[in-house]
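**Student:** Below you'll find the structure I mean.
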Amino acid sequence: MKELIKNKNLKYIFIMLIFFSISFGLWNNFRLLWLEDNSINPSEISRIMSLATFFGAVSIIFISLKISMTNIKKLLSTTLLIRIVSYLILFLGYQHLPTKIIAILFIFDIASYTVGYLAIYPLITRVIKDDKVYSYRQLTAYICQDIGVLLGGVLLGFTIGNYIFDYNSFLFIALICLIISFISLLKVKFNNKEKYNEIKIRDYLQVLKKDKISSLYLFYILISHISYNCALGMQMLILTNILSIPSKTATFYFLLMGILADIFGVFALKKLTPKSDYLTILLKFGLRMLGYSLVFFFPTKEMTLIAMTISLFFSTAYENKTDAIYINRIDTKYQLLFSNLRKLVGSLGDSIGLYITGILFVFGSKYIFGVAALIGFVQISLALYLVYLRKKSDNSKFNSINSINSTNITHDMIE
């Protein structure tokens with residue numbers, strides 16, 4: 001990784017990613033509580049977040065029709081500016097803005113974050129494309145999000161003179177991080193002569209239709225996002241409202257789990273990735289589904305916390321086997337468009353999962369995690385079938401190459 005950072009563009013991209021992720025980690029951890037401080041109840045919060053996530057998905061459709069890989073930096077810059085303006089208005093209007101205005105600004109925030117985040121890896125692929133680089137990008141984002149959570153946990157309630165750090169203070173810090181991220185992105189310079197032909201989404205859908213693995217992978221993404229967000233899309237409110245855990249304690253819990261997940265994610269990438277991809281799937285998702293199922297049958301606060309802990313612990317691990325393989329098999333010219341489609345499907349899954357959580361929230365953790373477990377079973381089945389299809393495809397290509405080589409050897413002998 002040290003050799004990769006010697007590349008100036010890659011260095012500035014990762015600096016941008018660091019502050020981008022710190023900002024998101026800090027704000028994401030406290031934004032639901034910020035909404036509560038603005039006199040919005042959990043059901044309304046669920047609707048706002050679901051609607052904002054849905055519009056994030058819709059924005060991806062628009063971006064897919066208008067943006068090519070050539071303009072990827074401009075796209076990311078624009079989304080950062082939108083978020084900077086949204087955060088500034090939210091910060092200045094704290095506890096004074098009407099709910100509808102807050103909802104609109106959250107739509108801008110989540111939509112621009114969704115589009116911006118999905119643009120980061122395609123931006124990196126203009127420099128290098130590698131499964132481990134994909135995982136390093138993911139782990140960097142996760143670690144820096146944890147730093148954001150740590151910052152909030154340390155500062156919450158901290159007093160300087162007469163000023164007390166509250167949820168709105170964290171929004172301001174997140175705003176500063178976004179500004180630094182934007183400045184770093186401006187330092188990224190690509191060869192302007194390098195052009196990528198614009199690809200119409202309608203034409204690519206025809207290509208995708210013939211690619212069974214990629215098509216099924218997108219459906220798998222939809223199901224996995226529904227399952228995860230059904231259980232943990234409103235995780236802070238589950239801890240504070242259902243489990244009656246103070247927000248500061250909940251923050252340090254998420255921080256601890258984030259750190260442990262990052263450590264395990266790095267260790268798993270280097271040392272603990274099983275040789276069998278089937279076993280990898282069962283480790284990452286099987287234990288999560290088991291925890292969710294136990295909450296349904298034993299809906300205690302302790303079991304709910306255990307299930308959340310299991311899910312969060314495995315959240316950053318094995319992405320080189322569950323995602324990177326399917327993303328990097330896509331031709332570079334289709335990379336941005338496929339990332340857009342992937343994020344579109346994922347955002348729809350997030351929206352559906354959050355909406356389901358809002359409906360089930362009043363019934364408690366038993367039904368929230370019970371439904372997540374049922375959806376998780378479908379997710380695991382799809383993940384295992386994808387491994388089967390991929391291995392079958394790889395074996396077919398290997399046999400085809402061997403057949404061609406054998407034919408060439410025979411021709412050489414005859415000659």
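Chain labels run A, B, ... following the order of the structure tokens; each chain numbers its residues from 1, and ligands are numbered from 1 in the order shown.
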Where does DSSP see strand (DSSP E or B) in stretch 108-214 of chain A, if you list the residues as a PyMOL selection string?
**Tutor:** chain A and resi 159-160+163-164
**Student:** Report as a PyMOL selection string: the residues of stretch 71-238 of chain A with a DSSP assignment of alpha helix (DSSP H), based on the backbone of this structure.
**Tutor:** chain A and resi 72-92+99-125+131-155+167-186+201-210+212-232+235-237
**Student:** Between atom CA of A:Lys392 and atom CA of A:Tyr278, what distance in Å does the model show, to one decimal?
**Tutor:**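 Separation between atom CA of A:Lys392 and atom CA of A:Tyr278: 13.6 Å.
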**Student:** Give me, as CSV, the closest atom pair and its distance (Å, one decimal) for every residue of stretch 290-347 of chain A within a cut-off of 12 Å of stretch 71-81 of chain A, counting only C-alpha atoms, rows sorted by chain and rising number.
**Tutor:**
```
residue,atom,partner,partner_atom,distance
A:Gln335,CA,A:Ile72,CA,11.0
A:Leu336,CA,A:Ile72,CA,8.2
A:Leu337,CA,A:Ile72,CA,10.9
A:Ser339,CA,A:Ile72,CA,11.8
A:Asn340,CA,A:Ile72,CA,11.6
```
**Student:** Residues as selected, N, CA and C atoms, written as a compact mmCIF listing (two decimals), in the first residue's frame, can you do that?
**Tutor:**
```txt
# COMPACT_ATOMS: atom_id res chain seq x y z
N GLN A 335 -17.31 0.78 -15.62
CA GLN A 335 -17.15 0.79 -14.17
C GLN A 335 -18.07 1.78 -13.47
N LEU A 336 -18.11 3.02 -13.97
CA LEU A 336 -18.95 4.04 -13.33
C LEU A 336 -20.42 3.67 -13.45
N LEU A 337 -20.83 3.24 -14.63
CA LEU A 337 -22.22 2.92 -14.86
C LEU A 337 -22.66 1.75 -13.99
N SER A 339 -21.24 0.87 -11.15
CA SER A 339 -21.24 1.37 -9.77
C SER A 339 -22.52 2.15 -9.49
N ASN A 340 -22.97 2.93 -10.49
CA ASN A 340 -24.22 3.66 -10.34
C ASN A 340 -25.40 2.72 -10.16
```
**Student:** Which residue is closest to A:Pro274? Choose from A:Lys321, A:Leu10, A:Thr309, A:Val362 and count only C-alpha atoms.
**Tutor:**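 Distance minimum relative to A:Pro274 lands on A:Lys321.
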**Student:** For A:Gln145, which of A:Thr300, A:Ser23, A:Thr280, A:Ser393 is the closest residue, counting only C-alpha atoms?
**Tutor:**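 Looking at the shortest contact to A:Gln145, the residue is A:Ser23.
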**Student:** With only C-alpha atoms as the counted atoms, please give the residues lying no more than 9 Å from A:Tyr217, apart from itself and same-chain residues fewer than 2 positions off, as a PyMOL selection string.
**Tutor:** chain A and resi 212-215+219-222+323+326+342+382-383+386
**Student:** Need to verify the contact set: A:Val154, 10 Å, only C-alpha atoms, exclusion of same-chain residues closer than 6 positions in sequence. Can you return it as a list of chain:residue names?
**Tutor:**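 Non-adjacent residues within range: A:Phe165, A:Lys248, A:Thr251, A:Phe252.
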**Student:** Name the closest residue to A:Ile180 among the candidates A:Ile356, A:Ser365, A:Leu279, A:Ile84; distances are taken between atoms, counting only C-alpha atoms.
**Tutor:**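 Smallest distance to A:Ile180 is found for A:Ile84.
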**Student:** So which one's closest to A:Phe254, A:Gly93, A:Gly376, A:Gly157, A:Gly152? Using only C-alpha atoms, please.
**Tutor:**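 Answer, going by the shortest atom-to-atom distance: A:Gly152.
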